[in-house]
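Student: File coords37.cif follows (mmCIF, C-alpha atoms, pLDDT in the B column; chains and numbers go by the auth columns):
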```cif
data_model
#
loop_
_atom_site.group_PDB
_atom_site.id
_atom_site.type_symbol
_atom_site.label_atom_id
_atom_site.label_comp_id
_atom_site.label_asym_id
_atom_site.label_seq_id
_atom_site.Cartn_x
_atom_site.Cartn_y
_atom_site.Cartn_z
_atom_site.B_iso_or_equiv
_atom_site.auth_seq_id
_atom_site.auth_asym_id
ATOM 1 C CA MET A 1 0.000 0.000 0.000 63.00 1 A
ATOM 2 C CA ALA A 2 1.371 3.369 -0.957 70.00 2 A
ATOM 3 C CA ALA A 3 2.066 5.624 2.000 77.00 3 A
ATOM 4 C CA ARG A 4 0.045 8.804 2.203 84.00 4 A
ATOM 5 C CA PRO A 5 2.197 11.897 1.849 88.00 5 A
ATOM 6 C CA LEU A 6 2.968 13.567 5.166 89.00 6 A
ATOM 7 C CA PRO A 7 0.607 16.387 6.102 93.00 7 A
ATOM 8 C CA THR A 8 1.820 19.961 5.903 92.00 8 A
ATOM 9 C CA LEU A 9 2.836 22.238 8.738 93.00 9 A
ATOM 10 C CA GLY A 10 -0.104 23.871 10.475 90.00 10 A
ATOM 11 C CA GLU A 11 -2.714 21.333 9.388 94.00 11 A
ATOM 12 C CA PRO A 12 -5.076 20.623 12.300 95.00 12 A
ATOM 13 C CA LEU A 13 -4.572 17.406 14.252 96.00 13 A
ATOM 14 C CA THR A 14 -7.210 14.699 13.900 96.00 14 A
ATOM 15 C CA PRO A 15 -8.997 13.522 17.069 96.00 15 A
ATOM 16 C CA ARG A 16 -6.937 10.328 16.946 97.00 16 A
ATOM 17 C CA GLU A 17 -3.689 12.305 16.711 97.00 17 A
ATOM 18 C CA ILE A 18 -4.726 14.430 19.704 97.00 18 A
ATOM 19 C CA GLN A 19 -5.419 11.190 21.557 97.00 19 A
ATOM 20 C CA VAL A 20 -1.935 9.920 20.676 97.00 20 A
ATOM 21 C CA LEU A 21 -0.362 13.221 21.737 97.00 21 A
ATOM 22 C CA SER A 22 -2.178 13.095 25.073 97.00 22 A
ATOM 23 C CA LEU A 23 -0.717 9.624 25.637 97.00 23 A
ATOM 24 C CA VAL A 24 2.763 10.954 24.807 97.00 24 A
ATOM 25 C CA ALA A 25 2.092 13.603 27.458 97.00 25 A
ATOM 26 C CA THR A 26 1.555 10.877 30.036 96.00 26 A
ATOM 27 C CA GLY A 27 5.032 9.584 29.292 96.00 27 A
ATOM 28 C CA LEU A 28 4.151 6.556 27.198 97.00 28 A
ATOM 29 C CA SER A 29 6.480 5.162 24.528 97.00 29 A
ATOM 30 C CA ASN A 30 5.274 4.400 20.996 97.00 30 A
ATOM 31 C CA GLU A 31 5.036 0.740 21.927 97.00 31 A
ATOM 32 C CA GLU A 32 2.924 1.513 25.016 97.00 32 A
ATOM 33 C CA ILE A 33 0.708 3.849 22.993 97.00 33 A
ATOM 34 C CA ALA A 34 0.226 1.107 20.395 97.00 34 A
ATOM 35 C CA GLY A 35 -0.838 -1.284 23.148 97.00 35 A
ATOM 36 C CA ARG A 36 -3.190 1.259 24.660 96.00 36 A
ATOM 37 C CA LEU A 37 -4.903 2.023 21.347 96.00 37 A
ATOM 38 C CA PHE A 38 -4.929 -1.580 20.061 97.00 38 A
ATOM 39 C CA VAL A 39 -2.907 -0.698 16.986 97.00 39 A
ATOM 40 C CA SER A 40 0.508 -1.841 15.765 97.00 40 A
ATOM 41 C CA LYS A 41 3.688 -0.083 16.803 97.00 41 A
ATOM 42 C CA ALA A 42 4.124 0.969 13.169 97.00 42 A
ATOM 43 C CA THR A 43 0.732 2.702 13.247 96.00 43 A
ATOM 44 C CA ALA A 44 1.659 4.525 16.457 97.00 44 A
ATOM 45 C CA LYS A 45 4.893 5.646 14.815 96.00 45 A
ATOM 46 C CA THR A 46 2.949 6.820 11.764 96.00 46 A
ATOM 47 C CA HIS A 47 0.693 8.891 13.999 97.00 47 A
ATOM 48 C CA MET A 48 3.765 10.416 15.616 97.00 48 A
ATOM 49 C CA ALA A 49 5.319 11.235 12.244 96.00 49 A
ATOM 50 C CA ARG A 50 2.122 12.944 11.104 97.00 50 A
ATOM 51 C CA ILE A 51 1.794 14.885 14.372 97.00 51 A
ATOM 52 C CA GLY A 52 5.423 15.947 14.002 96.00 52 A
ATOM 53 C CA ALA A 53 4.876 17.134 10.443 96.00 53 A
ATOM 54 C CA LYS A 54 1.806 19.133 11.432 96.00 54 A
ATOM 55 C CA LEU A 55 3.471 20.741 14.457 95.00 55 A
ATOM 56 C CA GLY A 56 6.796 21.189 12.689 94.00 56 A
ATOM 57 C CA ILE A 57 8.927 19.360 15.251 93.00 57 A
ATOM 58 C CA GLY A 58 10.179 15.847 15.790 91.00 58 A
ATOM 59 C CA ASP A 59 10.927 16.032 19.493 95.00 59 A
ATOM 60 C CA ARG A 60 8.285 14.434 21.730 96.00 60 A
ATOM 61 C CA ALA A 61 8.679 16.855 24.644 96.00 61 A
ATOM 62 C CA ALA A 62 8.411 19.820 22.286 96.00 62 A
ATOM 63 C CA MET A 63 5.315 18.283 20.647 97.00 63 A
ATOM 64 C CA VAL A 64 3.686 18.098 24.080 97.00 64 A
ATOM 65 C CA ALA A 65 4.659 21.728 24.778 96.00 65 A
ATOM 66 C CA ILE A 66 3.120 22.839 21.486 95.00 66 A
ATOM 67 C CA GLY A 67 0.019 20.760 22.286 96.00 67 A
ATOM 68 C CA PHE A 68 -0.444 22.684 25.525 95.00 68 A
ATOM 69 C CA ARG A 69 0.348 26.037 23.944 93.00 69 A
ATOM 70 C CA LYS A 70 -2.171 25.432 21.178 93.00 70 A
ATOM 71 C CA GLY A 71 -4.809 24.342 23.666 92.00 71 A
ATOM 72 C CA LEU A 72 -4.979 20.778 22.275 93.00 72 A
ATOM 73 C CA LEU A 73 -3.959 19.388 25.658 93.00 73 A
ATOM 74 C CA LYS A 74 -5.084 20.589 29.028 85.00 74 A
ATOM 75 C CA MET B 1 -9.700 15.852 24.788 47.00 1 B
ATOM 76 C CA THR B 2 -8.147 16.077 28.206 49.00 2 B
ATOM 77 C CA THR B 3 -4.737 14.734 29.005 50.00 3 B
ATOM 78 C CA THR B 4 -4.587 12.493 31.975 50.00 4 B
ATOM 79 C CA VAL B 5 -1.267 13.112 33.596 52.00 5 B
ATOM 80 C CA PRO B 6 -1.193 10.438 36.295 48.00 6 B
ATOM 81 C CA GLU B 7 0.944 12.479 38.645 49.00 7 B
ATOM 82 C CA ILE B 8 -1.410 15.229 39.599 54.00 8 B
ATOM 83 C CA LEU B 9 0.771 17.911 41.075 55.00 9 B
ATOM 84 C CA LEU B 10 -1.316 19.985 43.393 66.00 10 B
ATOM 85 C CA GLN B 11 1.588 22.255 44.129 80.00 11 B
ATOM 86 C CA ALA B 12 4.353 23.107 41.715 87.00 12 B
ATOM 87 C CA PRO B 13 7.709 21.811 42.945 91.00 13 B
ATOM 88 C CA VAL B 14 10.469 24.328 43.535 94.00 14 B
ATOM 89 C CA LEU B 15 13.039 24.050 40.754 95.00 15 B
ATOM 90 C CA SER B 16 16.602 25.253 40.841 95.00 16 B
ATOM 91 C CA PRO B 17 17.437 27.826 38.155 94.00 17 B
ATOM 92 C CA ARG B 18 19.341 25.131 36.217 94.00 18 B
ATOM 93 C CA GLU B 19 16.442 22.691 36.416 95.00 19 B
ATOM 94 C CA ASP B 20 14.138 25.447 35.175 95.00 20 B
ATOM 95 C CA ASP B 21 16.529 26.100 32.271 95.00 21 B
ATOM 96 C CA VAL B 22 16.485 22.420 31.365 96.00 22 B
ATOM 97 C CA LEU B 23 12.681 22.334 31.566 96.00 23 B
ATOM 98 C CA HIS B 24 12.330 25.264 29.176 95.00 24 B
ATOM 99 C CA ALA B 25 14.921 23.765 26.846 95.00 25 B
ATOM 100 C CA LEU B 26 13.024 20.455 26.758 95.00 26 B
ATOM 101 C CA ALA B 27 9.768 22.272 25.999 95.00 27 B
ATOM 102 C CA ALA B 28 11.564 24.038 23.151 94.00 28 B
ATOM 103 C CA GLY B 29 12.710 20.736 21.666 93.00 29 B
ATOM 104 C CA TYR B 30 16.335 20.620 22.809 94.00 30 B
ATOM 105 C CA THR B 31 17.933 17.309 23.594 93.00 31 B
ATOM 106 C CA TYR B 32 20.158 17.114 26.672 93.00 32 B
ATOM 107 C CA GLN B 33 23.183 17.033 24.356 94.00 33 B
ATOM 108 C CA GLN B 34 22.077 20.132 22.434 93.00 34 B
ATOM 109 C CA PHE B 35 21.383 21.977 25.684 94.00 35 B
ATOM 110 C CA ALA B 36 24.830 21.083 26.999 94.00 36 B
ATOM 111 C CA GLU B 37 26.482 22.348 23.808 94.00 37 B
ATOM 112 C CA GLU B 38 24.407 25.517 23.732 91.00 38 B
ATOM 113 C CA THR B 39 25.075 26.509 27.337 91.00 39 B
ATOM 114 C CA GLY B 40 28.524 25.064 27.865 93.00 40 B
ATOM 115 C CA VAL B 41 27.260 23.122 30.869 93.00 41 B
ATOM 116 C CA PRO B 42 28.877 19.667 30.951 96.00 42 B
ATOM 117 C CA PHE B 43 26.628 16.942 29.548 96.00 43 B
ATOM 118 C CA GLU B 44 26.870 14.917 32.754 96.00 44 B
ATOM 119 C CA SER B 45 25.638 17.939 34.737 96.00 45 B
ATOM 120 C CA VAL B 46 22.741 18.456 32.325 96.00 46 B
ATOM 121 C CA LYS B 47 21.750 14.829 32.792 96.00 47 B
ATOM 122 C CA SER B 48 21.899 15.322 36.531 97.00 48 B
ATOM 123 C CA TYR B 49 19.691 18.452 36.403 96.00 49 B
ATOM 124 C CA ALA B 50 17.283 16.574 34.161 97.00 50 B
ATOM 125 C CA ARG B 51 17.179 13.606 36.523 97.00 51 B
ATOM 126 C CA ASN B 52 16.275 15.904 39.408 97.00 52 B
ATOM 127 C CA LEU B 53 13.735 17.737 37.268 97.00 53 B
ATOM 128 C CA LEU B 54 11.994 14.508 36.302 96.00 54 B
ATOM 129 C CA ARG B 55 12.025 13.294 39.884 96.00 55 B
ATOM 130 C CA LYS B 56 10.517 16.542 41.182 95.00 56 B
ATOM 131 C CA LEU B 57 7.790 16.389 38.552 95.00 57 B
ATOM 132 C CA GLY B 58 7.179 12.683 39.023 94.00 58 B
ATOM 133 C CA ALA B 59 7.783 12.236 35.308 95.00 59 B
ATOM 134 C CA SER B 60 9.116 9.206 33.494 95.00 60 B
ATOM 135 C CA ASN B 61 10.597 11.082 30.539 96.00 61 B
ATOM 136 C CA ALA B 62 11.001 14.545 29.017 96.00 62 B
ATOM 137 C CA ALA B 63 7.600 14.626 27.275 96.00 63 B
ATOM 138 C CA HIS B 64 5.933 13.615 30.524 97.00 64 B
ATOM 139 C CA ALA B 65 7.879 16.268 32.448 97.00 65 B
ATOM 140 C CA VAL B 66 6.776 19.003 30.044 96.00 66 B
ATOM 141 C CA ALA B 67 3.135 17.931 30.398 96.00 67 B
ATOM 142 C CA ALA B 68 3.423 17.836 34.188 95.00 68 B
ATOM 143 C CA ALA B 69 5.019 21.295 34.152 95.00 69 B
ATOM 144 C CA PHE B 70 2.068 22.702 32.196 94.00 70 B
ATOM 145 C CA CYS B 71 -0.365 21.008 34.573 91.00 71 B
ATOM 146 C CA CYS B 72 1.202 22.521 37.690 91.00 72 B
ATOM 147 C CA GLY B 73 1.853 25.943 36.186 90.00 73 B
ATOM 148 C CA LEU B 74 5.644 25.805 35.834 93.00 74 B
ATOM 149 C CA LEU B 75 5.125 26.283 32.120 93.00 75 B
ATOM 150 C CA THR B 76 2.244 28.415 30.962 89.00 76 B
ATOM 151 C CA PRO B 77 0.457 28.577 27.658 83.00 77 B
ATOM 152 C CA PRO B 78 0.702 32.065 26.150 77.00 78 B
ATOM 153 C CA ALA B 79 -1.968 34.404 27.412 66.00 79 B
ATOM 154 C CA ARG B 80 -4.910 34.670 25.073 65.00 80 B
ATOM 155 C CA LYS B 81 -5.113 37.903 23.173 66.00 81 B
ATOM 156 C CA PRO B 82 -7.185 40.218 25.375 63.00 82 B
ATOM 157 C CA VAL B 83 -10.613 40.934 23.994 66.00 83 B
ATOM 158 C CA PRO B 84 -10.792 44.654 23.250 64.00 84 B
ATOM 159 C CA PRO B 85 -13.515 46.430 25.224 62.00 85 B
ATOM 160 C CA ARG B 86 -16.694 46.858 23.326 64.00 86 B
ATOM 161 C CA GLN B 87 -16.890 50.260 21.697 61.00 87 B
ATOM 162 C CA PRO B 88 -19.872 52.200 22.942 58.00 88 B
ATOM 163 C CA ALA B 89 -22.447 52.500 20.224 58.00 89 B
ATOM 164 C CA PRO B 90 -22.757 55.951 18.717 56.00 90 B
ATOM 165 C CA MET B 91 -25.317 58.069 20.439 62.00 91 B
ATOM 166 C CA GLY B 92 -28.540 57.741 18.504 64.00 92 B
ATOM 167 C CA THR B 93 -28.790 58.443 14.819 68.00 93 B
ATOM 168 C CA PRO B 94 -27.758 61.869 13.498 70.00 94 B
ATOM 169 C CA LEU B 95 -31.434 62.651 12.953 72.00 95 B
ATOM 170 C CA GLU B 96 -32.320 61.700 16.547 73.00 96 B
ATOM 171 C CA ARG B 97 -29.595 63.969 17.872 73.00 97 B
ATOM 172 C CA GLU B 98 -30.796 66.874 15.770 75.00 98 B
ATOM 173 C CA LEU B 99 -34.386 66.263 16.843 78.00 99 B
ATOM 174 C CA LEU B 100 -33.461 66.273 20.514 76.00 100 B
ATOM 175 C CA ALA B 101 -31.572 69.548 20.086 75.00 101 B
ATOM 176 C CA LEU B 102 -34.559 71.002 18.245 79.00 102 B
ATOM 177 C CA ALA B 103 -37.009 69.840 20.913 79.00 103 B
ATOM 178 C CA LEU B 104 -34.838 71.353 23.633 73.00 104 B
ATOM 179 C CA ALA B 105 -34.614 74.619 21.708 76.00 105 B
ATOM 180 C CA VAL B 106 -38.383 74.803 21.344 78.00 106 B
ATOM 181 C CA TRP B 107 -38.963 73.847 24.938 77.00 107 B
ATOM 182 C CA SER B 108 -36.431 76.239 26.431 77.00 108 B
ATOM 183 C CA GLY B 109 -36.765 79.151 23.998 77.00 109 B
ATOM 184 C CA ARG B 110 -33.025 79.184 23.457 76.00 110 B
ATOM 185 C CA SER B 111 -31.195 78.914 20.148 76.00 111 B
ATOM 186 C CA TYR B 112 -30.803 75.604 18.377 74.00 112 B
ATOM 187 C CA ALA B 113 -27.062 76.177 17.807 78.00 113 B
ATOM 188 C CA GLU B 114 -26.585 76.788 21.507 78.00 114 B
ATOM 189 C CA LEU B 115 -28.448 73.637 22.460 73.00 115 B
ATOM 190 C CA ARG B 116 -26.810 71.167 20.065 77.00 116 B
ATOM 191 C CA PRO B 117 -23.806 70.407 22.301 78.00 117 B
ATOM 192 C CA LEU B 118 -26.196 70.221 25.253 73.00 118 B
ATOM 193 C CA ALA B 119 -28.291 67.653 23.374 73.00 119 B
ATOM 194 C CA MET B 120 -25.165 65.553 22.758 75.00 120 B
ATOM 195 C CA ARG B 121 -24.263 65.614 26.429 77.00 121 B
ATOM 196 C CA ALA B 122 -27.818 64.847 27.484 73.00 122 B
ATOM 197 C CA LEU B 123 -27.829 61.827 25.179 73.00 123 B
ATOM 198 C CA THR B 124 -24.495 60.609 26.485 75.00 124 B
ATOM 199 C CA GLN B 125 -25.805 60.907 30.019 75.00 125 B
ATOM 200 C CA ALA B 126 -29.077 59.189 29.174 73.00 126 B
ATOM 201 C CA ARG B 127 -27.203 56.332 27.494 72.00 127 B
ATOM 202 C CA ALA B 128 -24.867 55.939 30.460 75.00 128 B
ATOM 203 C CA GLU B 129 -27.854 55.704 32.766 73.00 129 B
ATOM 204 C CA GLY B 130 -29.634 53.308 30.446 71.00 130 B
ATOM 205 C CA ARG B 131 -32.544 55.631 29.879 67.00 131 B
ATOM 206 C CA VAL B 132 -32.268 55.413 26.117 64.00 132 B
ATOM 207 C CA ARG B 133 -31.773 52.256 24.100 60.00 133 B
ATOM 208 C CA TRP B 134 -30.086 53.873 21.101 55.00 134 B
#
```
Starting from the file, lay out its structure as structure tokens.
Tutor:
Amino acid sequence: MAARPLPTLGEPLTPREIQVLSLVATGLSNEEIAGRLFVSKATAKTHMARIGAKLGIGDRAAMVAIGFRKGLLK
Amino acid sequence: MTTTVPEILLQAPVLSPREDDVLHALAAGYTYQQFAEETGVPFESVKSYARNLLRKLGASNAAHAVAAAFCCGLLTPPARKPVPPRQPAPMGTPLERELLALALAVWSGRSYAELRPLAMRALTQARAEGRVRW
């Protein structure tokens, strides 16, 4: 299956991506997030890559900071 | 969607200035290594500050620490742009203002020109007191 192109910077996060980000904020690893959401680790990593592309950063701690600053996480 | 940070920090822990620096660097996307290079603080020291920071925040990693810091107010989202105060509506329509001045002139026997500013003030007053809706 062809991979979807990565989203562009500034695109809004989907509800699922916000859910993933909120799990990152609780300190979970990709593997733990995958287990929590009943998806594969690869899917969790894909979510992270798409969140990173939308927020313009690859660092998990910074993603969480942006999530709070944008009001996606409270 | 609400984040559930398991460690609910009712009171923000007291951070040392270095720990606070590390916290802000983590929130800005720095790795420990990058922070060490940027500040000239030895990497081992940075790791030590970070260890203490995570312990104080009850966090298991940097992302968790940043979330905990937002939850207890050590990091704050930017203040929302203040809503500008509502502009008071203009006092009546131009015609209404002229009519009030005219009515006052007729009633008082004084000149219309003299009473125009008075009519404006009277309207302002009436609006402030809620006696007129326009």
Student: With distances taken over only C-alpha atoms, which residue among A:Ala2, A:Arg16, A:Ala62, A:Lys70 lies nearest chain B?
Tutor: A:Ala62
Student: Running the PyMOL selection byres ((chain A) within 12 of (chain B)) on this model by hand, what would come out? Give it as a PDB file with C-alpha atoms, in the frame of the given file.
Tutor:
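Saved as result-v4.pdb:
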```pdb
ATOM      1  CA  LEU A  13      -4.572  17.406  14.252  1.00 96.00           C
ATOM      2  CA  THR A  14      -7.210  14.699  13.900  1.00 96.00           C
ATOM      3  CA  PRO A  15      -8.997  13.522  17.069  1.00 96.00           C
ATOM      4  CA  ARG A  16      -6.937  10.328  16.946  1.00 97.00           C
ATOM      5  CA  GLU A  17      -3.689  12.305  16.711  1.00 97.00           C
ATOM      6  CA  ILE A  18      -4.726  14.430  19.704  1.00 97.00           C
ATOM      7  CA  GLN A  19      -5.419  11.190  21.557  1.00 97.00           C
ATOM      8  CA  VAL A  20      -1.935   9.920  20.676  1.00 97.00           C
ATOM      9  CA  LEU A  21      -0.362  13.221  21.737  1.00 97.00           C
ATOM     10  CA  SER A  22      -2.178  13.095  25.073  1.00 97.00           C
ATOM     11  CA  LEU A  23      -0.717   9.624  25.637  1.00 97.00           C
ATOM     12  CA  VAL A  24       2.763  10.954  24.807  1.00 97.00           C
ATOM     13  CA  ALA A  25       2.092  13.603  27.458  1.00 97.00           C
ATOM     14  CA  THR A  26       1.555  10.877  30.036  1.00 96.00           C
ATOM     15  CA  GLY A  27       5.032   9.584  29.292  1.00 96.00           C
ATOM     16  CA  LEU A  28       4.151   6.556  27.198  1.00 97.00           C
ATOM     17  CA  SER A  29       6.480   5.162  24.528  1.00 97.00           C
ATOM     18  CA  GLY A  52       5.423  15.947  14.002  1.00 96.00           C
ATOM     19  CA  LEU A  55       3.471  20.741  14.457  1.00 95.00           C
ATOM     20  CA  GLY A  56       6.796  21.189  12.689  1.00 94.00           C
ATOM     21  CA  ILE A  57       8.927  19.360  15.251  1.00 93.00           C
ATOM     22  CA  GLY A  58      10.179  15.847  15.790  1.00 91.00           C
ATOM     23  CA  ASP A  59      10.927  16.032  19.493  1.00 95.00           C
ATOM     24  CA  ARG A  60       8.285  14.434  21.730  1.00 96.00           C
ATOM     25  CA  ALA A  61       8.679  16.855  24.644  1.00 96.00           C
ATOM     26  CA  ALA A  62       8.411  19.820  22.286  1.00 96.00           C
ATOM     27  CA  MET A  63       5.315  18.283  20.647  1.00 97.00           C
ATOM     28  CA  VAL A  64       3.686  18.098  24.080  1.00 97.00           C
ATOM     29  CA  ALA A  65       4.659  21.728  24.778  1.00 96.00           C
ATOM     30  CA  ILE A  66       3.120  22.839  21.486  1.00 95.00           C
ATOM     31  CA  GLY A  67       0.019  20.760  22.286  1.00 96.00           C
ATOM     32  CA  PHE A  68      -0.444  22.684  25.525  1.00 95.00           C
ATOM     33  CA  ARG A  69       0.348  26.037  23.944  1.00 93.00           C
ATOM     34  CA  LYS A  70      -2.171  25.432  21.178  1.00 93.00           C
ATOM     35  CA  GLY A  71      -4.809  24.342  23.666  1.00 92.00           C
ATOM     36  CA  LEU A  72      -4.979  20.778  22.275  1.00 93.00           C
ATOM     37  CA  LEU A  73      -3.959  19.388  25.658  1.00 93.00           C
ATOM     38  CA  LYS A  74      -5.084  20.589  29.028  1.00 85.00           C
TER      39      LYS A  74
END
```
Student: Between CA of Ser48 in chain B and CA of Ala12 in chain B, what distance in Å does the model show, to one decimal?
Tutor: 19.9 Å
Student: Could you list the residues chosen by the PyMOL selection byres ((chain A and resi 3) around 12) in this structure as number ranges by chain?
Tutor: A: 1-2, 4-7, 43, 46, 50
Student: Quick one, how far is CA of Ala103 in chain B from CA of Met120 in chain B?
Tutor: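 Result for CA of Ala103 in chain B versus CA of Met120 in chain B: 12.7 Å, one decimal.
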Student: Between CA of Ala50 in chain B and CA of Cys72 in chain B, what is the distance, to one decimal in Å?
Tutor: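 Result for CA of Ala50 in chain B versus CA of Cys72 in chain B: 17.5 Å, one decimal.
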